[in-house]
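Note: the block below is work-v2.cif and it holds mmCIF, C-alpha atoms.
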data_upload
loop_
_atom_site.label_atom_id
_atom_site.label_comp_id
_atom_site.auth_asym_id
_atom_site.auth_seq_id
_atom_site.Cartn_x
_atom_site.Cartn_y
_atom_site.Cartn_z
CA MET G 1253 118.34 108.05 134.92
CA LYS G 1254 118.01 106.41 138.34
CA LYS G 1255 118.74 109.68 140.11
CA LYS G 1256 115.34 111.15 139.50
CA GLU G 1257 113.25 108.02 139.32
CA THR G 1258 111.70 108.79 142.67
CA ASN G 1259 110.57 112.14 141.35
CA TYR G 1260 108.04 110.65 138.98
CA ARG G 1261 104.49 111.35 139.78
CA GLU G 1262 102.64 108.19 140.67
CA SER G 1263 100.36 107.16 137.88
CA ALA G 1264 96.81 107.06 139.06
CA TYR G 1265 95.57 103.79 137.68
CA PRO G 1266 91.95 103.58 136.56
CA LYS G 1267 89.29 102.16 138.82
CA GLU G 1268 88.41 98.48 138.66
CA GLN G 1269 86.23 97.50 135.73
CA THR G 1270 86.80 100.77 133.92
CA LYS G 1271 86.35 100.07 130.25
CA TYR G 1272 89.30 101.09 128.15
CA TYR G 1273 90.66 100.57 124.65
CA TYR G 1274 94.02 99.36 123.43
CA ILE G 1275 95.70 98.65 120.10
CA ASP G 1276 96.64 95.13 119.13
CA GLY G 1277 96.41 94.92 115.36
CA GLY G 1278 93.18 96.90 115.67
CA VAL G 1279 91.38 98.77 118.43
CA PHE G 1280 90.03 96.49 121.15
CA SER G 1281 88.34 97.05 124.48
CA ALA G 1282 89.00 95.59 127.92
CA GLY G 1283 87.91 96.12 131.50
CA TRP G 1284 90.51 97.34 133.96
CA ASP G 1285 91.33 94.40 136.23
CA ASN G 1286 94.46 95.78 137.87
CA GLN G 1287 96.44 92.99 136.26
CA THR G 1288 100.00 93.29 134.95
CA ILE G 1289 98.69 93.30 131.40
CA ASP G 1290 96.46 96.32 132.18
CA LYS G 1291 99.30 98.18 133.90
CA ASP G 1292 101.75 97.43 131.11
CA ARG G 1293 99.31 98.81 128.54
CA PHE G 1294 98.69 101.87 130.70
CA ASN G 1295 102.37 102.56 131.33
CA SER G 1296 103.41 102.06 127.73
CA GLY G 1297 100.75 104.44 126.41
CA ASN G 1298 98.56 101.71 124.96
CA TYR G 1299 95.57 102.80 127.01
CA PHE G 1300 92.77 104.92 125.59
CA ALA G 1301 89.69 106.10 127.41
CA THR G 1302 87.57 105.99 124.26
CA TRP G 1303 87.47 104.00 121.05
CA GLU G 1304 87.87 107.24 119.10
CA GLU G 1305 91.17 108.01 120.85
CA GLY G 1306 92.43 104.52 120.08
CA LYS G 1307 91.38 104.85 116.45
CA VAL G 1308 93.20 108.18 116.11
CA GLN G 1309 96.36 106.59 117.48
CA TYR G 1310 95.94 103.59 115.17
CA ASP G 1311 95.43 105.81 112.10
CA TRP G 1312 98.42 107.90 113.13
CA GLN G 1313 100.64 104.83 113.48
CA VAL G 1314 99.73 103.68 109.97
CA LEU G 1315 100.44 107.13 108.51
CA ASN G 1316 103.62 107.52 110.53
CA VAL G 1317 105.00 104.27 109.14
CA LYS G 1318 104.14 105.35 105.59
CA ILE G 1319 105.80 108.74 105.90
CA LEU G 1320 108.88 107.42 107.69
CA ASN G 1321 109.25 104.75 105.03
CA SER G 1322 108.96 107.42 102.34
CA ILE G 1323 111.66 109.49 104.03
CA ALA G 1324 113.89 106.42 104.35
CA ASP G 1325 113.35 105.58 100.66
CA ILE G 1326 114.09 109.13 99.52
CA ASN G 1327 117.23 109.40 101.64
CA LYS G 1328 118.39 105.97 100.53
CA GLU G 1329 117.96 106.85 96.86
CA GLU G 1330 119.94 110.05 97.39
CA GLY G 1331 122.48 108.47 99.70
CA TRP G 1332 121.74 111.31 102.12
CA VAL G 1333 122.24 111.02 105.86
CA ALA G 1334 121.61 113.72 108.46
CA ASP G 1335 124.92 114.58 110.07
CA TRP G 1336 124.46 116.52 113.29
CA SER G 1337 128.14 117.26 113.54
CA ASP G 1338 128.02 119.03 110.16
CA TYR G 1339 126.99 122.59 110.95
CA HIS G 1340 126.68 123.45 107.25
CA GLN G 1341 124.27 120.69 106.32
CA ARG G 1342 120.64 121.73 106.11
CA LYS G 1343 118.31 119.14 107.56
CA TRP G 1344 114.77 119.67 106.35
CA TYR G 1345 111.64 118.65 108.18
CA ILE G 1346 107.92 119.40 108.19
CA CYS G 1347 106.37 121.67 110.80
CA LEU G 1348 103.29 123.85 111.10
CA ASP G 1349 103.53 127.51 110.16
CA THR G 1350 101.60 130.54 111.25
CA GLY G 1351 98.55 129.62 109.25
CA ARG G 1352 98.57 126.23 110.93
CA CYS G 1353 99.45 124.72 107.60
CA PRO G 1354 102.26 122.24 107.17
CA SER G 1355 105.39 123.81 105.77
CA ALA G 1356 109.02 122.83 105.40
CA ASP G 1357 111.75 124.26 107.56
CA PHE G 1358 115.35 123.28 108.05
CA SER G 1359 117.53 122.79 111.03
CA ILE G 1360 121.29 122.98 111.36
CA ILE G 1361 122.00 122.04 114.92
CA HIS G 1362 118.71 121.90 116.78
CA GLN G 1363 117.19 118.49 116.71
CA TYR G 1364 113.48 118.26 117.28
CA TYR G 1365 112.88 114.71 116.20
CA GLU G 1366 114.54 111.43 115.64
CA THR G 1367 117.07 111.57 112.84
CA ASN G 1368 114.78 109.49 110.60
CA ARG G 1369 112.52 112.52 110.02
CA TYR G 1370 115.05 114.75 108.25
CA LEU G 1371 115.72 115.16 104.55
CA SER G 1372 118.00 116.95 102.12
CA ASP G 1373 117.15 120.08 100.09
CA ASP G 1374 115.80 117.94 97.26
CA GLY G 1375 114.42 115.24 99.47
CA ILE G 1376 111.98 117.54 101.23
CA ASP G 1377 110.50 118.55 97.86
CA GLU G 1378 110.00 114.93 96.99
CA LEU G 1379 108.34 114.17 100.31
CA TRP G 1380 106.13 117.22 99.91
CA GLU G 1381 104.73 115.81 96.67
CA LEU G 1382 103.84 112.47 98.19
CA TYR G 1383 101.39 113.51 100.87
CA THR G 1384 98.54 115.93 101.31
CA GLN G 1385 98.64 118.85 103.74
CA GLU G 1386 95.92 117.13 105.71
CA GLN G 1387 98.12 114.07 106.14
CA PHE G 1388 101.13 116.11 107.21
CA LYS G 1389 99.07 118.03 109.70
CA PHE G 1390 97.66 114.85 111.18
CA TRP G 1391 101.15 113.36 111.30
CA LEU G 1392 102.47 116.32 113.27
CA THR G 1393 99.58 117.04 115.57
CA LYS G 1394 97.22 114.04 115.49
CA GLU G 1395 94.54 116.61 114.73
CA LYS G 1396 92.23 116.40 111.76
CA SER G 1397 90.73 119.39 110.02
CA LYS G 1398 87.04 119.82 110.60
CA MET L 353 103.49 91.73 65.63
CA GLY L 354 101.25 94.74 65.61
CA THR L 355 99.10 93.22 68.27
CA ILE L 356 102.06 92.29 70.46
CA HIS L 357 103.52 95.79 69.99
CA SER L 358 100.19 97.37 70.88
CA ARG L 359 99.93 95.18 73.93
CA ALA L 360 103.47 96.15 74.95
CA ILE L 361 102.53 99.83 74.67
CA GLN L 362 99.32 99.14 76.55
CA ILE L 363 101.29 97.44 79.31
CA LEU L 364 103.64 100.42 79.50
CA VAL L 365 100.69 102.79 79.67
CA ASN L 366 99.09 100.71 82.38
CA LYS L 367 102.38 100.59 84.25
CA GLY L 368 102.57 104.36 84.06
CA GLU L 369 99.03 104.68 85.33
CA ILE L 370 99.79 102.36 88.20
CA GLU L 371 102.86 104.37 89.12
CA MET L 372 100.82 107.54 89.04
CA ARG L 373 98.17 105.98 91.21
CA GLU L 374 100.82 104.76 93.62
CA LYS L 375 102.16 108.27 93.88
CA GLU L 376 98.71 109.73 94.30
CA THR L 377 97.93 107.39 97.14
CA ASN L 378 101.53 107.58 98.33
CA CYS L 379 101.61 103.88 99.00
CA LYS L 380 104.59 102.26 97.47
CA LYS L 381 104.10 98.55 97.26
CA THR L 382 104.83 97.20 100.68
CA LYS L 383 107.72 94.81 100.85
CA TYR L 384 106.66 92.35 103.45
CA PRO L 385 109.19 89.99 105.02
CA LYS L 386 109.70 86.49 103.77
CA LEU L 387 107.76 83.58 105.23
CA GLY L 388 109.43 82.24 108.33
CA THR L 389 111.23 85.47 109.16
CA GLU L 390 111.57 85.93 112.91
CA TYR L 391 110.49 89.31 114.19
CA TRP L 392 109.54 91.03 117.40
CA ASN L 393 106.52 93.09 118.31
CA ILE L 394 105.11 94.89 121.32
CA LEU L 395 101.82 94.12 122.95
CA CYS L 396 101.94 94.64 126.67
CA GLN L 397 105.48 93.22 126.53
CA VAL L 398 107.96 92.37 123.79
CA TRP L 399 107.11 89.16 121.96
CA ALA L 400 108.87 86.97 119.43
CA ASN L 401 106.95 86.07 116.27
CA THR L 402 107.43 84.23 113.03
CA TRP L 403 106.18 85.86 109.84
CA CYS L 404 103.49 83.72 108.23
CA ASP L 405 101.77 86.31 106.00
CA HIS L 406 98.82 86.39 108.38
CA PHE L 407 96.84 89.63 108.46
CA ILE L 408 98.09 90.15 112.03
CA ASP L 409 101.67 90.05 110.74
CA LYS L 410 100.78 92.57 108.05
CA THR L 411 98.97 94.82 110.51
CA ASN L 412 101.99 94.72 112.81
CA PHE L 413 104.18 95.67 109.89
CA ASP L 414 101.88 98.42 108.63
CA THR L 415 101.52 100.01 112.05
CA GLY L 416 105.22 100.00 112.86
CA ASN L 417 104.89 97.21 115.37
CA TYR L 418 107.49 95.11 113.61
CA PHE L 419 111.09 94.93 114.78
CA GLU L 420 113.86 92.89 113.23
CA THR L 421 115.68 92.41 116.51
CA LYS L 422 114.73 92.09 120.15
CA GLU L 423 117.04 95.01 120.92
CA GLN L 424 115.04 97.30 118.63
CA ALA L 425 111.77 96.19 120.19
CA ASP L 426 113.16 96.58 123.72
CA SER L 427 114.36 100.07 122.89
CA GLU L 428 110.95 101.03 121.45
CA PHE L 429 109.21 99.53 124.46
CA GLU L 430 111.45 101.49 126.81
CA TRP L 431 110.79 104.65 124.78
CA ARG L 432 107.03 104.15 125.06
CA TRP L 433 107.31 104.00 128.85
CA VAL L 434 109.46 107.11 128.91
CA ASN L 435 107.13 108.88 126.47
CA THR L 436 104.09 108.01 128.56
CA ARG L 437 105.75 109.20 131.76
CA ILE L 438 106.90 112.49 130.29
CA LEU L 439 103.57 113.21 128.62
CA ARG L 440 101.81 112.47 131.91
CA SER L 441 104.24 114.78 133.71
CA ILE L 442 103.42 117.53 131.23
CA ALA L 443 99.70 116.91 131.57
CA ASP L 444 99.97 116.98 135.38
CA ILE L 445 102.03 120.19 135.39
CA ASN L 446 99.69 121.95 132.99
CA LYS L 447 96.66 120.75 134.92
CA GLU L 448 98.04 122.05 138.21
CA GLU L 449 98.75 125.41 136.60
CA GLY L 450 95.55 125.48 134.62
CA TRP L 451 97.69 126.20 131.59
CA VAL L 452 96.61 125.33 128.05
CA ALA L 453 98.53 126.00 124.85
CA ASP L 454 96.51 128.45 122.81
CA TRP L 455 97.69 128.61 119.21
CA ASP L 456 95.50 131.64 118.59
CA ASP L 457 97.37 133.60 121.24
CA TYR L 458 100.47 135.03 119.59
CA ASN L 459 101.70 136.43 122.90
CA GLN L 460 101.73 133.15 124.74
CA SER L 461 105.10 131.41 125.03
CA LYS L 462 104.76 127.70 124.50
CA TRP L 463 107.82 125.89 125.81
CA TYR L 464 109.05 122.54 124.60
CA MET L 465 112.17 120.39 124.68
CA ARG L 466 114.62 119.89 121.85
CA VAL L 467 118.19 118.69 121.53
CA ASP L 468 120.99 121.16 121.07
CA ALA L 469 123.50 119.52 118.79
CA TYR L 470 126.36 121.68 120.08
CA GLY L 471 126.33 119.93 123.39
CA TRP L 472 124.12 116.99 122.43
CA CYS L 473 121.95 117.82 125.35
CA PRO L 474 118.27 118.69 125.69
CA SER L 475 117.43 122.35 125.96
CA ALA L 476 114.19 124.25 126.26
CA ASP L 477 112.91 126.51 123.53
CA CYS L 478 109.75 128.45 123.14
CA ALA L 479 107.29 128.55 120.28
CA ILE L 480 104.75 131.23 119.59
CA ILE L 481 103.21 130.16 116.34
CA HIS L 482 105.45 127.58 114.72
CA ARG L 483 104.53 124.17 115.85
CA HIS L 484 106.53 120.97 115.80
CA TYR L 485 104.51 118.64 117.95
CA GLU L 486 101.16 117.67 119.35
CA THR L 487 99.77 120.21 121.77
CA ASN L 488 100.33 117.84 124.70
CA ARG L 489 104.09 118.53 124.57
CA TYR L 490 104.01 122.25 125.36
CA LEU L 491 104.32 123.97 128.71
CA SER L 492 104.25 127.41 130.30
CA ASP L 493 107.29 129.44 131.40
CA ASP L 494 107.21 127.83 134.84
CA GLY L 495 106.03 124.47 133.63
CA ILE L 496 109.11 123.84 131.53
CA ASP L 497 111.36 124.33 134.56
CA GLU L 498 109.33 121.85 136.50
CA LEU L 499 109.54 119.31 133.71
CA CYS L 500 113.33 119.65 133.57
CA ASP L 501 113.49 118.98 137.31
CA LEU L 502 111.40 115.86 136.99
CA HIS L 503 113.36 114.12 134.25
CA THR L 504 117.06 113.68 133.62
CA ALA L 505 118.79 115.12 130.57
CA GLU L 506 119.54 111.59 129.44
CA GLU L 507 115.91 110.65 129.63
CA LEU L 508 114.75 113.76 127.81
CA LYS L 509 117.30 113.16 125.07
CA PHE L 510 116.14 109.57 124.67
CA TRP L 511 112.56 110.83 124.53
CA LEU L 512 113.38 113.27 121.75
CA THR L 513 115.75 111.23 119.64
CA LYS L 514 115.45 107.59 120.76
CA GLU L 515 119.22 107.76 121.09
CA LYS L 516 121.19 107.05 124.24
#
Re-express the file's structure as structure tokens.
Amino acid sequence: MKKKETNYRESAYPKEQTKYYYIDGGVFSAGWDNQTIDKDRFNSGNYFATWEEGKVQYDWQVLNVKILNSIADINKEEGWVADWSDYHQRKWYICLDTGRCPSADFSIIHQYYETNRYLSDDGIDELWELYTQEQFKFWLTKEKSK
Amino acid sequence: MGTIHSRAIQILVNKGEIEMREKETNCKKTKYPKLGTEYWNILCQVWANTWCDHFIDKTNFDTGNYFETKEQADSEFEWRWVNTRILRSIADINKEEGWVADWDDYNQSKWYMRVDAYGWCPSADCAIIHRHYETNRYLSDDGIDELCDLHTAEELKFWLTKEK
């Protein structure tokens, strides 16, 4: 990783006293003071220009935990584990189709996500029953239907 | 007896209703850690905590900011830095090019990174209409090349899979 570290674009930190929002058990605001704590939040993605952006991230984190826990529960009950060296095993996941609606698709060798997002043939049906399309769409895109 | 039996049936019915409601709201009862359990969370850095059933503990747990080990928290923290850097690279590249993913345009190639399990290495693929991610992860034909030059394969793989 060190090889290309110098290639990173320099992050343009916000101006002093810029109000920003961060998540710490809820969405809170702070003024940019150029302190380590501000920079750490900024560099770790816990920096939001508006309260609304912070709230979207917060809501997404809550939903993400719920869905990942559901997937873990389903896979645990089935004793199913995604095996990327098994080129015959179908690994199901949720994506958005042409109509911008969530749909299920499977992968054999191409991995789009962390392994904890894949399910078996039966598992994907079970997951599908647990959440609404709106929730899946928000999970995938952080966008909410108007 | 009849009353007890009726109550037993009533309890079963109620249990069934509760299960249905749980499924409807898709929230299985959360199994919070035991009192006194040590865990780690991320604020601006990685911190050690002790579970005391406080609402902050529960919020950490519910939002995925709960890690059983320091190693898990460190890995997540490192991933967040990498994620932020890569997303900023993508935003910068797209901004310079004036490129925006348009999901109504079925002729526009929208490039993104994935991992090819044959070689366990990141590779670029292009979407037209099927979408896997937030819009802020897609690039143009030229943009994807630039992204690959900016970040190592190891870093991109860690970004995609959280695996090293």
Counting all atoms listed in the file, which residues of chain G sit at most 6 Å from some atom of chain L, and what is each one's closest atom pair with its distance in Å to one decimal, listed by chain and rising residue number, as JSON lines?
{"residue": "G:Met1253", "atom": "CA", "partner": "L:Thr504", "partner_atom": "CA", "distance": 5.9}
{"residue": "G:Asn1259", "atom": "CA", "partner": "L:Leu502", "partner_atom": "CA", "distance": 5.8}
{"residue": "G:Gly1277", "atom": "CA", "partner": "L:Thr411", "partner_atom": "CA", "distance": 5.5}
{"residue": "G:Ile1289", "atom": "CA", "partner": "L:Cys396", "partner_atom": "CA", "distance": 5.9}
{"residue": "G:Asp1292", "atom": "CA", "partner": "L:Cys396", "partner_atom": "CA", "distance": 5.2}
{"residue": "G:Arg1293", "atom": "CA", "partner": "L:Cys396", "partner_atom": "CA", "distance": 5.3}
{"residue": "G:Asn1295", "atom": "CA", "partner": "L:Trp433", "partner_atom": "CA", "distance": 5.7}
{"residue": "G:Ser1296", "atom": "CA", "partner": "L:Trp433", "partner_atom": "CA", "distance": 4.5}
{"residue": "G:Gly1297", "atom": "CA", "partner": "L:Thr436", "partner_atom": "CA", "distance": 5.3}
{"residue": "G:Gln1313", "atom": "CA", "partner": "L:Thr415", "partner_atom": "CA", "distance": 5.1}
{"residue": "G:Val1314", "atom": "CA", "partner": "L:Thr415", "partner_atom": "CA", "distance": 4.6}
{"residue": "G:Val1317", "atom": "CA", "partner": "L:Gly416", "partner_atom": "CA", "distance": 5.7}
{"residue": "G:Cys1347", "atom": "CA", "partner": "L:His484", "partner_atom": "CA", "distance": 5.1}
{"residue": "G:Leu1348", "atom": "CA", "partner": "L:Arg483", "partner_atom": "CA", "distance": 4.9}
{"residue": "G:Asp1349", "atom": "CA", "partner": "L:His482", "partner_atom": "CA", "distance": 4.9}
{"residue": "G:Thr1350", "atom": "CA", "partner": "L:Ile481", "partner_atom": "CA", "distance": 5.4}
{"residue": "G:Ile1361", "atom": "CA", "partner": "L:Ala469", "partner_atom": "CA", "distance": 4.9}
{"residue": "G:His1362", "atom": "CA", "partner": "L:Asp468", "partner_atom": "CA", "distance": 4.9}
{"residue": "G:Gln1363", "atom": "CA", "partner": "L:Val467", "partner_atom": "CA", "distance": 4.9}
{"residue": "G:Tyr1364", "atom": "CA", "partner": "L:Arg466", "partner_atom": "CA", "distance": 5.0}
{"residue": "G:Tyr1365", "atom": "CA", "partner": "L:Thr513", "partner_atom": "CA", "distance": 5.7}
{"residue": "G:Glu1366", "atom": "CA", "partner": "L:Thr513", "partner_atom": "CA", "distance": 4.2}
{"residue": "G:Leu1382", "atom": "CA", "partner": "L:Asn378", "partner_atom": "CA", "distance": 5.4}
{"residue": "G:Leu1392", "atom": "CA", "partner": "L:Tyr485", "partner_atom": "CA", "distance": 5.6}
{"residue": "G:Thr1393", "atom": "CA", "partner": "L:Glu486", "partner_atom": "CA", "distance": 4.1}
note - CA of Phe1300 in chain G and CA of Pro1266 in chain G are separated by 11.1 Å
**Request:** Apply the PyMOL selection byres ((chain L and resi 463) around 8) to the displayed file and report the matching residues as a PyMOL selection string.
**Result:** chain L and resi 461-462+464-465+476-479+490-493+496
- Query: What is the CA of Asp1374 in chain G-CA of Leu1315 in chain G distance in Å, reported with one decimal?
  - Reply: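 Here the two named atoms are 21.9 Å from each other.
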Practice problem: Pick out the residues sitting within 12 Å of Asp1335 in chain G, and hand them over as a PyMOL selection string; count all atoms listed in the file, and ignore anything fewer than 4 positions along from it in its own chain. | Solution: (chain G and resi 1339-1344+1359-1363+1367-1368+1370-1372) or (chain L and resi 469)
Using only C-alpha atoms, find all polymer residues with an atom at most 10 Å away from the point (92.6, 101.1, 136.6); report them as an MDAnalysis selection string.
chainID G and resid 1263:1272 1283:1287 1290:1291 1294
Give me, please, the distance in Å between CA of Lys1307 in chain G and CA of Ile445 in chain L, quoted to one decimal.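 CA of Ile445 in chain L lies 26.6 Å from CA of Lys1307 in chain G.
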When you look at Asn401 in chain L with a cut-off of 10 Å (counting only C-alpha atoms), what residues show up, excluding the ones that are within fewer than 4 positions of it in the same chain? I need them as a ChimeraX atom specification. /L:388-393,409,418-419
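For the residues G:Asn1316, G:Gly1375, G:Asp1357, G:Arg1352, ranking by smallest atom-to-atom distance to Gln1387 in chain G using all atoms listed in the file places G:Asn1316 first.
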- Message: Counting all atoms listed in the file, find residues at most 7 Å from (98.1, 123.7, 103.9) (file frame) and give them as an NGL selection string.
- Response: :G and (1353-1354 or 1385)
Would you compute an axis-aligned box for range 447-463 of chain L, covering every atom listed for it in the file with 8 Å of margin on each side, and report centre and edge lengths in Å to one decimal as lines of an AutoDock Vina configuration file?
center_x = 101.7
center_y = 128.6
center_z = 128.4
size_x = 28.3
size_y = 31.7
size_z = 35.6
Practice item. Apply the PyMOL selection byres ((chain G and resi 1306) around 10) to the file shown and report the selected residues as a ChimeraX atom specification. Key: /G:1272-1275,1278-1281,1298-1305,1307-1312
Counting only C-alpha atoms, closest pick from G:Lys1328, G:Phe1388, G:Asp1276, G:Glu1381 relative to Ile1346 in chain G is G:Phe1388
